[in-house]
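Undergrad: Next up is a structure, given as structure tokens.
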Amino acid sequence: MVNLTIDGKSVSVPKDTTILEAARQVDIRIPTLCWLEKISPTGACRICAVEIEGVDRPMTACNTPVKEGINVTTQSEKLTRSRKQIMELILVNHPLDCPVCDAGGECDLQDVCYDLDVTHQEFKAEDVNPATINHWPLIQQVPNRCILCEKCVKVCHEIIGADALFVNDKGDRAFIDKKVEKCTYCGNCVAVCPTGTMISKPYKFKARPWALNKVPSICTYCPSQCQIDLNVKDNEVLRVTSDDEGTTNNGTLCVGGFFGYGYINNKRRLIEPTVEQKPVSWDKALERVVAEVERIKKESGSAAVAGFSSPRLTNEENYLFQKLFRAAIGSNNIDTEARFGAMRALQALDKGLGLHGASNRMEAIGNADAVLVFGADPSAEAPAVDWKIQDAVRRNGGQLVIANMRQIHLTQFADSQLSYKPGSEIALASGLGRLLLDRGHIDEDNLKRTVFNLDELKADLAVVDLEKVFEATGLSREALEQAADIIGKAENVAVIFGSDICKSAFGTSKAAAVANLAILSGALNNNCGLFPLDEKGNTQGVLNMGVYPENLPGFQPYTDSKEKFAKAWKCDLPDGGLDAEGILQEIEAGTVRFLYLAATNPQSFPNSSRWMKALKQVEVLVVQDIFPSEITRLATVVLPGSSYAEKSGSFTSLDHSVRSFNQAVRPVGKSREDWEIFAELYGRLNKTLVTFNKVDIFNEVSELTSLYAGADFLDDDRNTYLLNLPQVADQSLRYQLITAGNGADGLQLLTGTSVGHFGTTSTWAPAPLEVEPEGILKVNAEDAKVAGIADGDKLKLTSVTGSTIGKALISDSVPQGLIFAPYNFTVLGVQQLMPDGDNLTLVQMTKA
């Protein structure tokens, strides 16, 4: 520790601490403009200059490290004069447009001028600032307001890893410029700007900051669930902000979090119930739903009724949905889109590791000595995970191994990129496991303690044929050995896997292979862990609340726990139950006659054309959603639900943090909170008056499950619960025996989520659409050449289940033989090309 004195106060701090950081520890405020805690210091503005006894000139506190015994003065007449003069120089040619500047009222430059009593200008200079930059999407840059603090440049480089912003030109002609093709439109440059230089175009001239009501909330687009403030005026969300202090995301947001709020205010929202496509009152709509349920139950039994809920809904709403179906309707035919991804990972992790999701908190990733990203694109599926990976490998000295069919944003930081052949994930995982053993990286003592079937593990690894692995994956021995050494030599390992694995038809087996690799690498026995990703906001909550036929809430097996819940709910619960595939088959067979879709659009399901055909066949279709679609046009009854901003509830993040939020705006038109709809239907079907609220549901879940037992409640304005994390006990891990299948040969289409969109919801938000207005088919140059396709041409893809036409983007991010397409755009319709339950298929490509 280093001891020093600041303004007469003694302080002891670690070596390499700056004077500014030391002063903050004893509540001494030093003015700053260019300093930002989450980035490296710049020392550009020099407002933080302080005096050090024995040093003949002032030193910048933000980037001067402490030294033993120094005596620092932060306030003196000399410093005040110096700071005022610096401010006057900064203000040379600064425009006096505060009344129309969006930063007015929350401008750091204004605040420092006021604090230093800067009231006049002593200097003059030729104004050589470039003109306002208006051609960037979403963000306007006003160079004559810029003080060249470089906060925006550093956030772009150090936190996001985009390297889009840079300082152009020199001296007084320098200004912040952008390589537009590299921009991710995260909005963090706007958020950190201390002046009105970087301006959000969607928010420009909408409101003054003091007129806004800031409502603490969370971003529900992805499972990271960044903590935000919804800025509201006149019942409209006008912008989203996030504080650096007191938030799990340290104020950092992605394009969805910062700019994606526009769908809340979209004029095309569903605003009133309809029956047979005609507007009706809520009473008439709910009356029709109840009447149809009772009629079909009487004619065909409750097994003829089925429903889907959604990771777009809250924990409380998903709990009520499954209770509505099981207790009030008498049907266990319930599922969600998690069936096509996260459920597969759950089955594998539960069987092998006893996990129901991630094994650790997300921040643990930043402490990893090695990170393995397997079949995932964290930048698209959970951007905050991307930032934690960058913490590990760019700031804390860790190494990164990426195993992916494609090049992704994080590839630029990878020490090892394993670009494997499509469908060879199991072979790759087995090969890495064998190399960890062969190269002496296995902690056998730990395996003896934790693994139930160690003999099977050893026998399975012994028969892995590495030559066949190299052939199946298309990777060299050297590449796999390098990756195995990075993973094996690391003390703390984080393993992250995502949709390329989970959404595959063999997702359970592939996830089991990754689970085996987590056992062998020691990821479950250190300070990091295993992290499955699913890009939807509340997938973990859906699983926790038991919205699938196999389990009741709290991962309690349905058959074993049925009597317990029946007693608590004072009803008889049905036997059996259909999952998504079973529901589809029974609709086609005419057995399931009533289908309820809550915040669910099967156009995003694999083999979506089959689903659409089935929806046209079902006798009664009830759709509860916030936007019109092909699904609502088929519906018997449409019930307008609400966005997260219009309701109260909680979501559960990918690392088991339960985050509450309160209503920020009233639901649009006559729409209702989704839990209110479920509750009223429950009461009407049971012929009782039902009054549910968030607290009642939380208490009921707590009584019937162990989900919230021992949870740490963070007593802050965001009401966060940290659920218990599993501990690796003796003999608790099971190595799973898996047979590797053969990948197909030929041109293949892979579907996944876009980096710029989240599900289909963000395609209703104007800002993300400005950056990415349509789904693009990414094609390798060699494949394009064979098909005679140029960049921007329309191409036609055909599979055994369907075809689509889209615009081609020739890209080296996909290898020869693979096309990538986002499933976010229902207009593009790539999911109709997919086989049932899969994300990869053989296709033919021709110029359209």
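Going through the structure tokens in order, the chains are called A, B, and so on, while each chain numbers its residues from 1 and the ligands are numbered from 1 in the order shown.
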Stretch 384-556 of chain A: which residues are alpha helix (DSSP H) by DSSP, as a ChimeraX atom specification?
TA: /A:384-390,425-438,444-450,454-462,466-473,477-489,499-502,507-521,539-544
Undergrad: If you take only C-alpha atoms and a cut-off of 12 Å, which residues of stretch 153-191 of chain A touch stretch 91-102 of chain A, and what are their nearest atom pairs and distances in Å to one decimal, in chain and number order, as a tab-separated table?
TA:
residue	atom	partner	partner_atom	distance
A:Asp172	CA	A:Val92	CA	10.5
A:Val190	CA	A:Asp102	CA	10.7
A:Ala191	CA	A:Asp102	CA	11.8
Undergrad: May I have a table of the residues of stretch 493-581 of chain A lying at most 8 Å from stretch 326-342 of chain A, giving each one's closest pair of atoms and their distance in Å to one decimal, counting only C-alpha atoms, ordered by chain and ascending residue number, as a Markdown table?
TA:
| residue | atom | partner | partner_atom | distance |
| --- | --- | --- | --- | --- |
| A:Ser499 | CA | A:Gly341 | CA | 6.7 |
| A:Cys502 | CA | A:Gly341 | CA | 4.5 |
| A:Lys503 | CA | A:Gly341 | CA | 4.3 |
| A:Ser504 | CA | A:Gly341 | CA | 7.5 |
| A:Gly507 | CA | A:Gly341 | CA | 7.1 |
| A:Pro532 | CA | A:Ala342 | CA | 7.9 |
| A:Leu533 | CA | A:Ala342 | CA | 7.8 |
| A:Asp534 | CA | A:Ala342 | CA | 6.2 |
| A:Thr539 | CA | A:Ala338 | CA | 6.7 |
| A:Val542 | CA | A:Thr336 | CA | 7.8 |
| A:Val547 | CA | A:Asp335 | CA | 5.6 |
| A:Tyr548 | CA | A:Asp335 | CA | 4.4 |
| A:Pro549 | CA | A:Asn332 | CA | 5.7 |
| A:Ala566 | CA | A:Ala327 | CA | 7.7 |
| A:Trp569 | CA | A:Ala327 | CA | 6.9 |
| A:Cys571 | CA | A:Ala327 | CA | 6.2 |
| A:Asp572 | CA | A:Ala327 | CA | 7.1 |
| A:Leu573 | CA | A:Arg326 | CA | 6.1 |
| A:Pro574 | CA | A:Gly330 | CA | 5.7 |
| A:Asp575 | CA | A:Asn332 | CA | 7.5 |
| A:Gly576 | CA | A:Asn332 | CA | 6.8 |
| A:Gly577 | CA | A:Asn332 | CA | 4.5 |
| A:Leu578 | CA | A:Asn333 | CA | 4.5 |
| A:Asp579 | CA | A:Asp335 | CA | 5.7 |
| A:Ala580 | CA | A:Asp335 | CA | 5.8 |
Undergrad: Residues near stretch 424-432 of chain A, anyone? I mean within 6 Å using only C-alpha atoms, not counting same-chain ones fewer than 3 positions away, as a list in words.
TA: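 Non-adjacent residues within range: Lys421, Leu435, Val469, Thr473, Ala484, Lys510, Ala513 and Ala740 of chain A.
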Undergrad: Choose the residue, out of A:Gly69, A:Pro130, A:Gly546, A:Pro553, that has the smallest atom-to-atom separation from A:Glu703; count only C-alpha atoms.
TA: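 Closest to A:Glu703 of all the choices is A:Pro553.
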Undergrad: Near A:Asp560, within 12 Å and counting only C-alpha atoms, which residues show up once chain neighbours fewer than 3 positions away are dropped, as number ranges by chain?
TA: A: 550-552, 555-557, 563-566, 575-576
Undergrad: Please save all heavy atoms of the selected residues as a CSV table (one decimal), in the first residue's frame.
TA:
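And here is the file that came out, result.csv:
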chain,number,residue,atom,x,y,z
A,550,GLU,N,-42.8,-31.3,-19.0
A,550,GLU,CA,-42.1,-32.2,-18.2
A,550,GLU,C,-42.0,-31.8,-16.7
A,550,GLU,O,-41.9,-32.7,-15.8
A,550,GLU,CB,-40.6,-32.4,-18.7
A,550,GLU,CG,-40.6,-33.0,-20.1
A,550,GLU,CD,-40.5,-31.9,-21.2
A,550,GLU,OE1,-41.1,-30.9,-21.1
A,550,GLU,OE2,-39.8,-32.2,-22.2
A,551,ASN,N,-41.9,-30.5,-16.5
A,551,ASN,CA,-41.7,-30.0,-15.1
A,551,ASN,C,-42.7,-29.0,-14.7
A,551,ASN,O,-43.3,-28.2,-15.5
A,551,ASN,CB,-40.3,-29.3,-15.0
A,551,ASN,CG,-39.2,-30.3,-14.9
A,551,ASN,OD1,-39.4,-31.5,-14.7
A,551,ASN,ND2,-38.0,-29.8,-15.1
A,552,LEU,N,-43.0,-28.9,-13.4
A,552,LEU,CA,-43.7,-27.9,-12.7
A,552,LEU,C,-42.7,-26.8,-12.3
A,552,LEU,O,-41.5,-26.9,-12.5
A,552,LEU,CB,-44.5,-28.4,-11.5
A,552,LEU,CG,-45.8,-29.2,-11.9
A,552,LEU,CD1,-46.1,-30.2,-10.9
A,552,LEU,CD2,-46.9,-28.2,-12.1
A,555,PHE,N,-38.4,-26.6,-11.4
A,555,PHE,CA,-37.8,-27.8,-12.0
A,555,PHE,C,-38.2,-29.1,-11.3
A,555,PHE,O,-37.4,-30.0,-11.2
A,555,PHE,CB,-36.2,-27.7,-12.0
A,555,PHE,CG,-35.7,-26.5,-12.7
A,555,PHE,CD1,-35.4,-25.3,-12.0
A,555,PHE,CD2,-35.7,-26.5,-14.1
A,555,PHE,CE1,-34.9,-24.2,-12.7
A,555,PHE,CE2,-35.2,-25.3,-14.8
A,555,PHE,CZ,-34.9,-24.2,-14.1
A,556,GLN,N,-39.4,-29.1,-10.8
A,556,GLN,CA,-40.0,-30.2,-10.1
A,556,GLN,C,-40.7,-31.1,-11.1
A,556,GLN,O,-41.6,-30.7,-11.8
A,556,GLN,CB,-40.9,-29.8,-9.0
A,556,GLN,CG,-40.3,-28.9,-7.9
A,556,GLN,CD,-41.3,-28.4,-6.9
A,556,GLN,OE1,-41.7,-29.1,-6.0
A,556,GLN,NE2,-41.6,-27.1,-7.0
A,557,PRO,N,-40.2,-32.4,-11.3
A,557,PRO,CA,-40.8,-33.3,-12.3
A,557,PRO,C,-42.3,-33.3,-12.1
A,557,PRO,O,-42.9,-33.5,-11.0
A,557,PRO,CB,-40.2,-34.6,-11.9
A,557,PRO,CG,-38.9,-34.3,-11.3
A,557,PRO,CD,-39.2,-33.0,-10.5
A,563,GLU,N,-49.3,-34.0,-7.3
A,563,GLU,CA,-50.2,-34.0,-6.2
A,563,GLU,C,-49.9,-32.8,-5.3
A,563,GLU,O,-50.9,-32.2,-4.7
A,563,GLU,CB,-50.0,-35.3,-5.4
A,563,GLU,CG,-50.6,-36.5,-6.1
A,563,GLU,CD,-50.6,-37.8,-5.2
A,563,GLU,OE1,-50.3,-37.6,-4.0
A,563,GLU,OE2,-50.8,-38.8,-5.8
A,564,LYS,N,-48.6,-32.4,-5.1
A,564,LYS,CA,-48.3,-31.3,-4.2
A,564,LYS,C,-48.9,-30.0,-4.8
A,564,LYS,O,-49.5,-29.2,-4.0
A,564,LYS,CB,-46.8,-31.1,-4.2
A,564,LYS,CG,-46.3,-29.8,-3.6
A,564,LYS,CD,-44.7,-29.8,-3.7
A,564,LYS,CE,-44.2,-28.4,-3.4
A,564,LYS,NZ,-42.7,-28.3,-3.5
A,565,PHE,N,-48.8,-29.8,-6.1
A,565,PHE,CA,-49.4,-28.6,-6.7
A,565,PHE,C,-50.9,-28.6,-6.7
A,565,PHE,O,-51.6,-27.6,-6.6
A,565,PHE,CB,-48.8,-28.3,-8.0
A,565,PHE,CG,-47.4,-27.7,-8.0
A,565,PHE,CD1,-46.3,-28.5,-7.8
A,565,PHE,CD2,-47.3,-26.3,-8.2
A,565,PHE,CE1,-45.0,-27.9,-7.7
A,565,PHE,CE2,-46.0,-25.7,-8.2
A,565,PHE,CZ,-44.9,-26.5,-7.9
A,566,ALA,N,-51.5,-29.8,-7.0
A,566,ALA,CA,-52.9,-30.0,-7.0
A,566,ALA,C,-53.5,-29.6,-5.6
A,566,ALA,O,-54.6,-28.9,-5.6
A,566,ALA,CB,-53.3,-31.4,-7.4
A,575,ASP,N,-53.1,-35.7,-16.4
A,575,ASP,CA,-52.0,-36.6,-16.7
A,575,ASP,C,-51.3,-36.2,-18.0
A,575,ASP,O,-51.9,-35.6,-18.9
A,575,ASP,CB,-52.5,-38.0,-16.7
A,575,ASP,CG,-53.0,-38.5,-15.4
A,575,ASP,OD1,-52.5,-38.0,-14.4
A,575,ASP,OD2,-54.0,-39.3,-15.4
A,576,GLY,N,-50.0,-36.6,-18.1
A,576,GLY,CA,-49.3,-36.4,-19.4
A,576,GLY,C,-49.2,-35.0,-19.8
A,576,GLY,O,-49.2,-34.1,-18.9
Undergrad: Work out how far apart atom CA of A:Phe820 and atom CA of A:Val779 are and give it in Å to one decimal.
TA: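 It comes out at 7.0 Å.
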Undergrad: Go through stretch 640-805 of chain A and collect every residue that DSSP, computed from the backbone, puts in strand (DSSP E); the answer should be as a VMD selection string.
TA: chain A and resid 640 649 to 652 657 to 661 712 to 714 720 to 722 748 to 752 776 to 779 794 to 798 803 to 805
Undergrad: Excluding A:Asp625 and its own-chain neighbours fewer than 2 positions away, which residues fall within 7 Å of it when counting only C-alpha atoms? Please give them as an NGL selection string.
TA: :A and (598-599 or 623 or 627 or 639-641)
Undergrad: Keeping N, CA and C atoms, export the residues of the selection given above as a short mmCIF file (atom, residue, chain, number, x, y, z; two decimals), in the first residue's frame.
TA:
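Now in part09.cif:
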data_model
loop_
_atom_site.label_atom_id
_atom_site.label_comp_id
_atom_site.auth_asym_id
_atom_site.auth_seq_id
_atom_site.Cartn_x
_atom_site.Cartn_y
_atom_site.Cartn_z
N ALA A 598 -49.39 -16.89 -26.52
CA ALA A 598 -49.13 -15.69 -25.72
C ALA A 598 -47.73 -15.18 -26.04
N ALA A 599 -47.67 -14.02 -26.69
CA ALA A 599 -46.40 -13.39 -27.07
C ALA A 599 -45.50 -14.35 -27.84
N VAL A 623 -54.69 -15.32 -29.89
CA VAL A 623 -53.36 -14.71 -29.96
C VAL A 623 -53.32 -13.51 -29.02
N PHE A 627 -48.22 -6.71 -31.44
CA PHE A 627 -48.17 -6.23 -32.82
C PHE A 627 -48.99 -7.14 -33.74
N LEU A 639 -55.98 -10.67 -28.28
CA LEU A 639 -55.95 -9.97 -27.00
C LEU A 639 -54.69 -9.10 -26.96
N PRO A 640 -54.82 -7.77 -26.96
CA PRO A 640 -53.64 -6.91 -26.98
C PRO A 640 -52.94 -6.86 -25.63
N GLY A 641 -51.71 -7.35 -25.61
CA GLY A 641 -50.92 -7.34 -24.38
C GLY A 641 -50.10 -6.06 -24.28
#
Undergrad: For A:Gly554, please output as a PyMOL selection string all residues within 6 Å (counting only C-alpha atoms; exclusion window: fewer than 6 positions along the same chain).
TA: chain A and resi 544+705+707
Undergrad: From the options A:Leu634, A:Thr801, A:Val167, A:Ala711, which residue's atoms come nearest to A:Thr274, counting only C-alpha atoms?
TA: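 Selected residue with least distance to A:Thr274: A:Leu634.
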Undergrad: Using atom CA of A:Leu737 and atom CA of A:Asn453 as the two end points, give the distance in Å to one decimal.
TA: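 Taking atom CA of A:Leu737 and atom CA of A:Asn453, their separation equals 10.4 Å.
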Undergrad: Which is closer to A:Glu158 than all the others in A:Arg394, A:Lys323, A:Arg439, A:Lys297, using only C-alpha atoms?
TA: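 Ranking A:Arg394, A:Lys323, A:Arg439, A:Lys297 by distance to A:Glu158, first place goes to A:Arg394.
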